[in-house]
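Peer 1: Just model08.txt, nothing more (compact mmCIF, C-alpha atoms):
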# COMPACT_ATOMS: atom_id res chain seq x y z
CA MET A 2 88.13 118.45 107.59
CA LYS A 3 91.28 120.50 107.38
CA GLN A 4 93.47 121.67 104.54
CA ASP A 5 97.10 120.88 105.12
CA LYS A 6 100.13 122.83 103.95
CA ASP A 7 100.40 120.57 100.91
CA GLY A 8 96.97 121.79 99.82
CA TRP A 9 95.15 118.50 100.37
CA LEU A 10 92.07 118.12 102.53
CA ARG A 11 92.27 115.60 105.35
CA CYS A 12 89.93 114.46 108.10
CA GLU A 13 90.41 115.99 111.49
CA ILE A 14 91.87 113.60 114.02
CA ASP A 15 93.60 114.20 117.31
CA ARG A 16 97.38 113.93 117.01
CA LYS A 17 97.65 111.61 119.99
CA GLU A 18 94.97 109.35 118.63
CA MET A 19 96.70 109.25 115.23
CA ARG A 20 99.88 108.12 116.98
CA THR A 21 98.12 104.95 118.08
CA TYR A 22 97.29 104.10 114.48
CA LEU A 23 100.87 104.56 113.29
CA LYS A 24 102.33 101.75 115.40
CA ARG A 25 104.02 99.04 113.33
CA SER A 26 104.15 95.34 114.05
CA ASP A 27 106.43 92.65 112.68
CA ALA A 28 104.03 89.98 113.91
CA LYS A 29 101.03 91.37 112.04
CA GLY A 30 103.11 91.91 108.92
CA LEU A 31 104.53 88.40 109.00
CA ILE A 32 101.13 86.82 109.59
CA ASN A 33 99.68 88.68 106.63
CA LEU A 34 102.69 87.81 104.48
CA ALA A 35 102.32 84.15 105.43
CA PHE A 36 98.63 84.34 104.53
CA PHE A 37 99.75 85.36 101.06
CA LEU A 38 102.80 83.12 100.57
CA VAL A 39 101.64 79.87 102.18
CA PRO A 40 98.57 79.37 99.96
CA LEU A 41 100.77 80.21 96.96
CA LEU A 42 103.25 77.52 97.93
CA VAL A 43 100.58 74.94 98.73
CA ILE A 44 98.48 75.55 95.63
CA GLY A 45 101.58 75.88 93.51
CA TYR A 46 102.83 72.52 94.70
CA ALA A 47 99.42 70.93 94.11
CA ALA A 48 99.43 72.37 90.59
CA TYR A 49 102.84 70.79 90.00
CA LEU A 50 101.69 67.40 91.26
CA THR A 51 98.63 67.48 88.99
CA TYR A 52 100.43 69.06 86.03
CA ASP A 53 99.44 66.41 83.53
CA THR A 54 95.79 66.46 84.57
CA ILE A 55 92.89 68.79 84.01
CA TRP A 56 92.97 69.75 87.70
CA SER A 57 96.12 71.71 87.16
CA ILE A 58 94.18 74.26 85.10
CA LEU A 59 92.01 75.12 88.08
CA LEU A 60 94.93 75.01 90.47
CA PHE A 61 97.10 77.25 88.30
CA TRP A 62 94.20 79.67 87.94
CA ALA A 63 93.88 79.77 91.74
CA TYR A 64 97.65 80.24 92.03
CA GLY A 65 97.65 83.11 89.53
CA SER A 66 94.67 84.73 91.21
CA ILE A 67 96.62 84.98 94.45
CA TYR A 68 100.00 85.68 92.82
CA GLY A 69 98.72 88.92 91.30
CA PHE A 70 98.23 90.35 94.78
CA CYS A 71 102.02 90.72 94.90
CA ASN A 72 101.30 94.20 93.53
CA SER A 73 99.54 94.97 96.78
CA LEU A 74 102.51 93.74 98.79
CA LEU A 75 104.76 95.90 96.61
CA HIS A 76 102.57 98.89 97.28
CA GLU A 77 102.46 98.39 101.03
CA THR A 78 106.23 97.93 101.24
CA HIS A 79 106.75 101.10 99.17
CA HIS A 80 105.48 102.87 102.29
CA GLY A 81 107.66 100.90 104.69
CA THR A 82 104.74 100.25 107.00
CA PRO A 83 103.87 96.54 107.02
CA PHE A 84 106.81 95.62 109.27
CA LYS A 85 108.47 97.33 112.21
CA THR A 86 111.91 95.99 111.26
CA PRO A 87 113.25 97.86 108.21
CA TRP A 88 115.15 94.94 106.63
CA LEU A 89 111.99 92.79 106.68
CA ASN A 90 110.22 95.51 104.80
CA GLU A 91 112.98 95.89 102.24
CA ALA A 92 113.25 92.13 101.69
CA ALA A 93 109.50 91.86 101.10
CA HIS A 94 109.76 94.93 98.86
CA LYS A 95 112.33 93.30 96.60
CA LEU A 96 110.45 89.99 96.50
CA ALA A 97 107.19 91.75 95.61
CA GLY A 98 108.87 93.81 92.90
CA PHE A 99 110.31 90.69 91.30
CA MET A 100 106.97 88.89 91.43
CA ALA A 101 105.18 91.93 89.97
CA VAL A 102 107.78 92.42 87.18
CA ARG A 103 108.19 95.98 88.45
CA ASN A 104 111.46 97.57 89.55
CA PRO A 105 110.74 98.20 93.25
CA THR A 106 113.37 100.93 93.58
CA TYR A 107 112.02 102.85 90.59
CA ASP A 108 108.40 102.17 91.44
CA ARG A 109 108.80 103.64 94.91
CA TRP A 110 109.72 107.00 93.38
CA VAL A 111 106.81 106.81 90.97
CA HIS A 112 104.46 105.96 93.80
CA THR A 113 105.75 108.89 95.83
CA GLN A 114 104.78 111.17 92.95
CA HIS A 115 101.35 109.51 92.85
CA HIS A 116 100.82 110.46 96.49
CA THR A 117 101.92 114.03 95.79
CA GLU A 118 99.69 114.55 92.76
CA THR A 119 96.98 111.90 93.13
CA SER A 120 94.84 111.82 89.98
CA ILE A 121 95.65 115.46 89.18
CA SER A 122 96.63 114.81 85.56
CA VAL A 123 98.54 112.32 83.43
CA ASP A 124 101.50 114.71 83.33
CA LYS A 125 101.67 115.02 87.10
CA ASP A 126 100.55 111.57 88.30
CA PRO A 127 102.48 108.77 86.56
CA GLU A 128 100.11 106.17 88.04
CA LEU A 129 97.03 107.73 86.41
CA SER A 130 96.49 104.87 83.98
CA HIS A 131 92.87 105.66 83.16
CA PRO A 132 92.31 109.37 82.68
CA GLN A 133 88.78 110.52 81.91
CA PRO A 134 87.02 109.45 79.78
CA ILE A 135 87.91 105.83 80.49
CA ASN A 136 89.25 104.02 77.43
CA ILE A 137 87.43 100.69 77.48
CA GLY A 138 90.06 99.00 75.33
CA TYR A 139 92.88 99.96 77.70
CA LEU A 140 90.75 98.94 80.66
CA VAL A 141 90.18 95.47 79.24
CA LEU A 142 93.88 95.14 78.41
CA ASP A 143 94.75 96.10 81.99
CA LEU A 144 92.24 93.70 83.50
CA PHE A 145 94.18 90.91 81.80
CA TRP A 146 97.59 92.50 82.39
CA LEU A 147 98.19 92.67 78.67
CA ARG A 148 99.62 96.20 78.58
CA ALA A 149 101.91 95.47 81.50
CA ALA A 150 102.98 92.16 79.94
CA PHE A 151 104.88 94.14 77.35
CA ASN A 152 105.46 97.45 79.13
CA ASN A 153 106.92 96.10 82.37
CA PRO A 154 109.81 94.11 80.83
CA MET A 155 110.44 96.90 78.30
CA LEU A 156 110.70 99.42 81.11
CA LEU A 157 113.24 97.22 82.89
CA LEU A 158 115.27 96.99 79.69
CA LYS A 159 115.17 100.77 79.23
CA GLN A 160 116.31 101.23 82.81
CA VAL A 161 119.24 98.89 82.30
CA LEU A 162 120.18 100.95 79.24
CA GLY A 163 119.89 104.15 81.25
CA GLN A 164 116.94 105.46 79.27
CA PHE A 165 114.80 107.50 81.62
CA SER A 166 111.81 109.50 80.44
CA LYS A 167 111.40 113.24 80.94
CA GLN A 168 108.93 112.55 83.74
CA ASP A 169 111.38 110.15 85.40
CA GLN A 170 114.05 112.82 85.31
CA GLU A 171 111.70 115.29 86.94
CA ILE A 172 110.65 113.07 89.83
CA ILE A 173 113.79 111.02 90.51
CA PRO A 174 117.13 112.56 91.54
CA LYS A 175 119.81 111.69 88.99
CA LYS A 176 122.01 110.12 91.66
CA LYS A 177 119.35 107.43 92.20
CA PHE A 178 119.45 106.20 88.60
CA GLY A 179 122.41 103.91 89.30
CA ALA A 180 120.53 101.93 91.94
CA ILE A 181 117.49 101.67 89.65
CA ARG A 182 119.64 100.36 86.81
CA LEU A 183 121.26 97.79 89.06
CA VAL A 184 117.92 96.43 90.31
CA ALA A 185 116.57 96.34 86.74
CA ALA A 186 119.64 94.39 85.61
CA ILE A 187 119.25 91.85 88.40
CA MET A 188 115.56 91.39 87.64
CA LEU A 189 116.11 90.97 83.92
CA SER A 190 118.90 88.49 84.59
CA ILE A 191 116.62 86.36 86.74
CA TYR A 192 113.81 86.45 84.20
CA THR A 193 116.26 85.60 81.43
CA ALA A 194 117.43 82.65 83.50
CA LEU A 195 113.82 81.51 83.94
CA ILE A 196 113.24 81.69 80.18
CA ALA A 197 116.48 79.81 79.59
CA ALA A 198 115.45 77.14 82.09
CA SER A 199 112.10 76.77 80.33
CA ILE A 200 113.84 76.24 77.01
CA ILE A 201 116.54 73.94 78.31
CA TYR A 202 114.21 71.73 80.33
CA GLN A 203 111.37 72.00 77.82
CA THR A 204 108.83 73.05 80.41
CA TRP A 205 106.58 76.05 80.90
CA LEU A 206 106.72 75.73 84.67
CA PRO A 207 109.28 78.47 85.49
CA LEU A 208 107.18 81.00 83.59
CA LEU A 209 103.82 79.58 84.69
CA TYR A 210 104.83 80.21 88.29
CA THR A 211 106.01 83.77 87.63
CA TYR A 212 105.45 86.03 84.62
CA LEU A 213 102.59 84.09 83.02
CA ALA A 214 100.70 83.92 86.33
CA HIS A 215 99.76 87.57 85.82
CA ILE A 216 98.17 86.79 82.48
CA TYR A 217 96.23 83.59 83.17
CA GLY A 218 95.33 84.51 86.75
CA GLY A 219 95.59 88.29 86.98
CA LEU A 220 91.93 89.11 86.45
CA VAL A 221 90.85 88.58 90.05
CA PRO A 222 93.49 90.76 91.73
CA ARG A 223 93.09 93.38 89.03
CA LEU A 224 89.33 93.52 89.61
CA TYR A 225 90.04 94.32 93.24
CA ALA A 226 92.89 96.76 92.59
CA LEU A 227 91.46 98.85 89.75
CA THR A 228 88.69 100.21 91.97
CA GLN A 229 91.11 102.55 93.75
CA HIS A 230 90.53 105.65 91.58
CA LEU A 231 88.67 104.49 88.47
CA GLY A 232 85.86 106.74 87.31
CA LEU A 233 86.26 109.22 90.16
CA ALA A 234 87.08 112.92 90.09
CA GLN A 235 90.44 114.04 88.82
CA SER A 236 92.25 117.36 89.28
CA VAL A 237 90.87 117.85 92.81
CA ASN A 238 92.78 118.17 96.08
CA ASP A 239 90.32 115.98 97.96
CA PHE A 240 91.01 112.27 98.49
CA ARG A 241 87.35 111.73 99.37
CA LEU A 242 86.49 112.55 95.77
CA ASN A 243 89.39 111.02 93.85
CA SER A 244 89.83 107.78 95.80
CA ARG A 245 87.46 104.95 96.59
CA THR A 246 87.00 103.00 99.83
CA CYS A 247 85.31 99.62 99.41
CA LEU A 248 84.37 96.96 101.91
CA TYR A 249 85.94 93.72 100.73
CA ASN A 250 85.62 90.21 102.14
CA PRO A 251 88.32 89.46 104.74
CA ILE A 252 90.32 87.10 102.51
CA ALA A 253 90.60 89.52 99.60
CA ALA A 254 91.23 92.40 102.01
CA ALA A 255 94.11 90.48 103.59
CA TRP A 256 95.69 89.68 100.23
CA TYR A 257 95.09 93.28 99.24
CA TRP A 258 96.74 94.53 102.46
CA ASN A 259 93.58 96.51 103.23
CA MET A 260 94.17 98.90 100.33
CA ASN A 261 90.43 98.84 99.81
CA PHE A 262 90.48 101.58 102.49
CA HIS A 263 91.97 103.77 99.84
CA ILE A 264 90.70 107.18 100.93
CA GLU A 265 92.11 106.59 104.41
CA HIS A 266 95.37 105.36 102.92
CA HIS A 267 95.84 108.48 100.80
CA MET A 268 94.97 110.79 103.65
CA TYR A 269 97.32 109.05 106.08
CA PRO A 270 99.81 106.88 104.16
CA LEU A 271 101.90 106.18 107.26
CA VAL A 272 99.08 104.15 108.80
CA PRO A 273 99.98 100.46 108.38
CA PHE A 274 97.54 98.08 106.73
CA HIS A 275 96.35 96.50 109.98
CA ALA A 276 95.18 99.84 111.40
CA LEU A 277 93.27 101.00 108.34
CA PRO A 278 89.94 99.32 109.23
CA THR A 279 90.02 100.97 112.65
CA LEU A 280 90.93 104.31 111.13
CA HIS A 281 88.06 103.93 108.68
CA ASP A 282 85.60 103.32 111.54
CA ARG A 283 86.93 106.38 113.30
CA LEU A 284 86.70 108.69 110.29
CA LYS A 285 83.71 107.32 108.40
CA ASN A 286 81.35 110.07 109.42
CA GLN A 287 83.66 112.54 107.63
CA LEU A 288 83.90 110.37 104.51
CA PRO A 289 81.59 109.36 101.69
CA GLU A 290 79.73 106.08 102.04
CA PRO A 291 82.10 103.23 101.10
CA ASN A 292 81.20 100.87 98.30
CA SER A 293 79.69 97.78 99.87
CA SER A 294 81.67 95.27 97.80
CA VAL A 295 83.92 94.90 94.76
CA LEU A 296 80.81 94.12 92.72
CA ASN A 297 79.18 97.33 93.91
CA ALA A 298 82.31 99.29 92.96
CA TRP A 299 82.35 97.81 89.47
CA CYS A 300 78.64 98.53 88.97
CA GLU A 301 79.49 102.15 89.75
CA ILE A 302 82.46 102.10 87.37
CA LEU A 303 80.49 100.49 84.54
CA PHE A 304 77.73 103.06 85.02
CA CYS A 305 80.36 105.78 84.68
CA ILE A 306 81.72 104.22 81.47
CA LYS A 307 78.19 104.08 80.06
CA LYS A 308 77.52 107.74 80.94
CA GLN A 309 80.85 108.81 79.45
CA ARG A 310 79.68 107.55 76.07
CA GLN A 311 77.12 110.38 76.20
CA SER A 312 79.28 112.91 77.99
CA ALA A 313 83.02 112.39 78.03
CA ARG A 314 83.44 114.67 81.06
CA TYR A 315 81.15 112.60 83.30
CA PHE A 316 82.71 111.21 86.46
CA ILE A 317 81.42 109.68 89.68
CA HIS A 318 80.84 112.33 92.29
CA LYS A 319 80.74 110.82 95.76
CA PRO A 320 78.22 112.57 98.04
CA LEU A 321 80.05 113.98 101.03
CA PRO A 322 78.71 114.17 104.61
CA SER A 323 76.65 117.33 104.96
CA ASP A 324 78.64 118.69 107.88
CA SER A 325 82.09 118.24 106.34
CA SER A 326 83.88 121.49 105.79
CA SER A 327 87.41 122.49 105.07
CA LEU A 328 89.36 124.22 107.78
CA LYS A 329 92.78 125.72 107.46
CA ARG A 330 95.35 124.43 109.85
CA SER A 331 97.33 127.31 111.28
CA TYR A 332 101.05 127.03 111.85
CA MET B 15 113.82 136.40 126.02
CA SER B 16 117.62 136.16 126.29
CA GLU B 17 120.01 134.73 123.67
CA ASN B 18 116.96 134.00 121.49
CA TRP B 19 115.66 131.27 123.81
CA VAL B 20 111.89 130.90 123.68
CA THR B 21 109.67 128.81 125.89
CA ILE B 22 107.89 125.91 124.20
CA GLU B 23 104.31 125.64 125.39
CA ASN B 24 102.23 122.52 126.01
CA THR B 25 105.10 120.09 126.24
CA SER B 26 103.32 118.00 128.85
CA ASP B 27 101.63 116.23 125.93
CA LEU B 28 104.95 115.21 124.44
CA GLU B 29 105.61 111.59 125.29
CA GLU B 30 108.72 109.52 124.64
CA GLU B 31 109.26 108.70 120.94
CA ASP B 32 106.90 111.46 120.05
CA VAL B 33 106.89 114.72 118.11
CA MET B 34 104.86 117.90 118.36
CA PRO B 35 104.64 121.15 116.38
CA PHE B 36 105.75 124.48 117.78
CA ASN B 37 105.20 127.82 116.11
CA HIS B 38 107.02 131.00 116.83
CA ASP B 39 107.29 134.25 114.99
CA GLY B 40 105.88 132.92 111.72
CA LYS B 41 108.09 129.84 111.68
CA THR B 42 107.17 126.29 112.51
CA TYR B 43 109.30 123.70 114.26
CA ALA B 44 109.10 120.04 115.23
CA ILE B 45 109.98 119.19 118.82
CA TYR B 46 110.96 115.59 119.56
CA CYS B 47 111.31 113.49 122.66
CA SER B 48 113.50 110.45 122.11
CA GLU B 49 113.10 106.99 123.60
CA ASP B 50 115.56 108.03 126.33
CA GLY B 51 113.68 111.18 127.24
CA GLU B 52 116.05 113.56 125.45
CA TYR B 53 114.69 116.52 123.52
CA PHE B 54 115.52 117.68 120.01
CA ALA B 55 114.23 120.28 117.59
CA THR B 56 114.25 120.70 113.83
CA ASP B 57 112.51 122.74 111.20
CA GLY B 58 108.88 121.65 111.15
CA LEU B 59 108.44 121.09 107.46
CA CYS B 60 109.83 118.20 105.44
CA THR B 61 112.46 119.40 102.98
CA HIS B 62 110.84 117.31 100.23
CA GLU B 63 107.24 118.55 100.01
CA LYS B 64 106.73 120.98 102.90
CA VAL B 65 104.51 118.67 104.93
CA HIS B 66 104.62 119.06 108.71
CA LEU B 67 106.75 116.43 110.41
CA ALA B 68 104.68 116.67 113.60
CA ASP B 69 102.24 114.31 111.90
CA GLY B 70 105.04 111.89 111.15
CA PHE B 71 106.23 108.66 112.69
CA VAL B 72 109.02 108.61 115.27
CA MET B 73 111.05 105.49 115.94
CA ASP B 74 114.68 104.78 116.85
CA GLY B 75 115.92 108.32 116.34
CA ILE B 76 114.18 108.68 112.99
CA ILE B 77 111.29 110.89 111.96
CA GLU B 78 109.33 109.73 108.93
CA CYS B 79 107.46 112.31 106.93
CA PRO B 80 103.73 111.51 107.02
CA LYS B 81 103.27 111.94 103.31
CA HIS B 82 106.06 110.04 101.58
CA ASN B 83 107.95 108.24 104.38
CA GLY B 84 111.04 110.40 103.84
CA LYS B 85 113.33 109.70 106.78
CA PHE B 86 115.49 112.06 108.82
CA ASP B 87 117.60 111.54 111.90
CA TYR B 88 116.00 114.20 114.04
CA ARG B 89 119.05 114.36 116.28
CA THR B 90 121.30 115.56 113.46
CA GLY B 91 118.83 116.54 110.73
CA GLY B 92 120.54 114.13 108.34
CA THR B 93 118.57 112.31 105.64
CA LYS B 94 118.13 108.58 106.17
CA GLY B 95 115.81 107.47 103.39
CA GLY B 96 114.21 108.72 100.17
CA PRO B 97 112.59 110.67 98.77
CA VAL B 98 114.22 113.32 100.95
CA CYS B 99 117.57 114.60 99.71
CA LYS B 100 118.10 117.75 101.76
CA ALA B 101 118.85 117.65 105.48
CA LEU B 102 116.71 119.30 108.13
CA LYS B 103 117.98 122.29 110.09
CA THR B 104 118.31 121.48 113.78
CA TYR B 105 118.06 123.83 116.75
CA GLU B 106 119.33 123.83 120.28
CA ILE B 107 116.83 122.87 122.91
CA LYS B 108 117.25 122.74 126.64
CA LYS B 109 115.28 122.01 129.78
CA ASP B 110 115.14 124.96 132.14
CA GLY B 111 113.58 123.57 135.29
CA ASP B 112 110.25 122.16 134.16
CA VAL B 113 110.20 124.19 131.00
CA LEU B 114 111.58 123.38 127.57
CA LYS B 115 113.29 126.17 125.69
CA LEU B 116 114.20 126.45 122.04
CA ARG B 117 117.01 128.58 120.69
CA VAL B 118 115.66 130.34 117.62
CA SER B 119 117.74 132.14 115.00
Here is the file; what I need is its structure written in the form of structure tokens.
Peer 2:
Amino acid sequence: MKQDKDGWLRCEIDRKEMRTYLKRSDAKGLINLAFFLVPLLVIGYAAYLTYDTIWSILLFWAYGSIYGFCNSLLHETHHGTPFKTPWLNEAAHKLAGFMAVRNPTYDRWVHTQHHTETSISVDKDPELSHPQPINIGYLVLDLFWLRAAFNNPMLLLKQVLGQFSKQDQEIIPKKKFGAIRLVAAIMLSIYTALIAASIIYQTWLPLLYTYLAHIYGGLVPRLYALTQHLGLAQSVNDFRLNSRTCLYNPIAAAWYWNMNFHIEHHMYPLVPFHALPTLHDRLKNQLPEPNSSVLNAWCEILFCIKKQRQSARYFIHKPLPSDSSSLKRSY
Amino acid sequence: MSENWVTIENTSDLEEEDVMPFNHDGKTYAIYCSEDGEYFATDGLCTHEKVHLADGFVMDGIIECPKHNGKFDYRTGGTKGGPVCKALKTYEIKKDGDVLKLRVS
């Protein structure tokens, strides 16, 4: 291990070897994007064809369960790594932001701050949604996207009105507010048009395929995504302790853009999704044991919640390899 | 050392579209080799969060900071993508026979 100039511990890896992991690929990005979009289109169409039957309930649930992984696409495109060609990345970024009801331009700044101050505190990390001790009520609301259902559109409206919080003003240069407002206005206009279409044509379909998909189908993607930091240490400069790596099945991992390798991602955020499994194999002897599945991760999280009822300061401490030590890199 | 030119060691490891760190007199630099085999030099630390750019990603004249993907044109030091707002200082670099030399302030 080494401690970098930003104060965070990272695994030792040869610079030349790291170069090989940084290579980007349009082909790999497009294949993974197709793996996400094509099932959505196919299942979405099937749900439309069966709309007046009971089968549509199952099909819409399947659609929503995949749709929610748009948050993972948004995250990956925040980093600019899934594609080699920049405009492909930005196009996917905007699409994902719209699908997720999150302003992609704004969210990229927030996510940057999350990488600077990962799980340090609520004041420093704007993505720290579940500070210790975990609030079970908020967790349940988030599993069903119920906080975001209100907060996300409200945030867009505030952005259009130029209302930025104190934290926003600290982490985002003022000259960037204009672009954020513009994107928020475009997004709200499209969603308003969808609502108008629903009313005019007396059909729920425009909203079922977009905003409502997060509510009726968001549980599955949220179960996968909430494992990233939940229940782990906070206020530490060690990604091995504040982030969780889980081994997911290949389908979920693909929809999740391999963000289940979350320790590796935080240590080396420039590594594109397709290289994360290889990076994990390379570094695993310097890292804690990964959770074997999403179920295993949630057993760990639920255990933490139970323990926190006795001691609010309890958190999951991941055993580290015995020979890991921190070294200072000299410049 | 004349006109503040210092020799950069271990440049044999520097491939095309690559970057390496170089330290001299308490300061750190990033040395780049472009796709065309030309050499450039900038301050080593990102102007956003003081992370070393030698761990970053080089492509098409751009260096991306390894922590937040902030982009600079390493040939001019200019910013090319957020969250970086402040340009990088660039330095003269030249090939003297088989040796690379950096002009330090």
Peer 1: Could the residues of chain A that have an atom at most 7 Å from chain B be listed as a Markdown table, each with its closest atom pair and the distance in Å to one decimal, counting only C-alpha atoms and ordered by chain and ascending residue number?
Peer 2:
| residue | atom | partner | partner_atom | distance |
| --- | --- | --- | --- | --- |
| A:Lys6 | CA | B:Val65 | CA | 6.1 |
| A:Asp7 | CA | B:Val65 | CA | 6.1 |
| A:Leu23 | CA | B:Phe71 | CA | 6.8 |
| A:His80 | CA | B:Asn83 | CA | 6.3 |
| A:Thr113 | CA | B:His82 | CA | 5.9 |
| A:Tyr269 | CA | B:Pro80 | CA | 6.9 |
| A:Pro270 | CA | B:Lys81 | CA | 6.2 |
| A:Leu271 | CA | B:Pro80 | CA | 5.6 |
| A:Tyr332 | CA | B:Asn37 | CA | 6.0 |
Peer 1: What is the distance, in Å and to one decimal place, between CA of Ser119 (chain B) and CA of Ser48 (chain B)?
Peer 2: 23.2 Å
Peer 1: Dig up all the protein and nucleic acid residues within 12 Å of (78.0, 104.3, 104.1) in the file frame, using all atoms listed in the file, and format them as a CSV table (one decimal) with C-alpha atoms, keeping the file's coordinate frame.
Peer 2:
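Just written: point39.csv:
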chain,number,residue,atom,x,y,z
A,246,THR,CA,87.0,103.0,99.8
A,247,CYS,CA,85.3,99.6,99.4
A,248,LEU,CA,84.4,97.0,101.9
A,281,HIS,CA,88.1,103.9,108.7
A,282,ASP,CA,85.6,103.3,111.5
A,284,LEU,CA,86.7,108.7,110.3
A,285,LYS,CA,83.7,107.3,108.4
A,286,ASN,CA,81.4,110.1,109.4
A,287,GLN,CA,83.7,112.5,107.6
A,288,LEU,CA,83.9,110.4,104.5
A,289,PRO,CA,81.6,109.4,101.7
A,290,GLU,CA,79.7,106.1,102.0
A,291,PRO,CA,82.1,103.2,101.1
A,292,ASN,CA,81.2,100.9,98.3
A,293,SER,CA,79.7,97.8,99.9
A,294,SER,CA,81.7,95.3,97.8
A,319,LYS,CA,80.7,110.8,95.8
A,320,PRO,CA,78.2,112.6,98.0
A,321,LEU,CA,80.0,114.0,101.0
A,322,PRO,CA,78.7,114.2,104.6
Peer 1: Could you check which of A:Asn153, A:Ser73, A:Ser26, A:Thr228 is closest to Leu303 (chain A), using all atoms listed in the file?
Peer 2: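 Using all atoms listed in the file, the shortest distance to Leu303 (chain A) belongs to A:Thr228.
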Peer 1: Of the candidates A:His275, A:Arg310, A:Arg223, A:His112, which one gets nearest to Ile67 (chain A) if we count all atoms listed in the file?
Peer 2: A:Arg223
Peer 1: Neighbouring residues of Gly95 (chain B) were defined as those with any atom within 12 Å, considering all atoms listed in the file; residues of the same chain fewer than 5 positions away were excluded. Please report them as number ranges by chain.
Peer 2: A: 79-81, 87, 91, 109-110, 177; B: 62, 76-79, 82-87, 100-101
Peer 1: When you draw a straight line from CA of Asp239 (chain A) to CA of Arg11 (chain A), how long is it in Å?
Peer 2: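 Atom-to-atom, CA of Asp239 (chain A) to CA of Arg11 (chain A), that is 7.7 Å.
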Peer 1: From the list A:Tyr107, A:Phe165, A:Phe145, A:Phe84, which residue is nearest Ala214 (chain A) when using all atoms listed in the file?
Peer 2: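 Smallest distance to Ala214 (chain A) is found for A:Phe145.
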Peer 1: Rounded to one decimal, what separation in Å do you get between CA of Val20 (chain B) and CA of Tyr46 (chain B)?
Peer 2: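 That distance, rounded to one decimal, is 15.9 Å.
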Peer 1: My list of candidates is B:Gly75, B:Asp112, B:Thr21, B:Glu106. Which is closest to Lys94 (chain B) when distances are computed with only C-alpha atoms?
Peer 2: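 Selected residue with least distance to Lys94 (chain B): B:Gly75.
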Peer 1: At a cut-off of 10 Å, using only C-alpha atoms, what residues contact region 201-206 of chain A? Leave out same-chain residues fewer than 4 positions from it and give the result as a VMD selection string.
Peer 2: chain A and resid 48 to 49 52 195 to 197 210 to 211 213
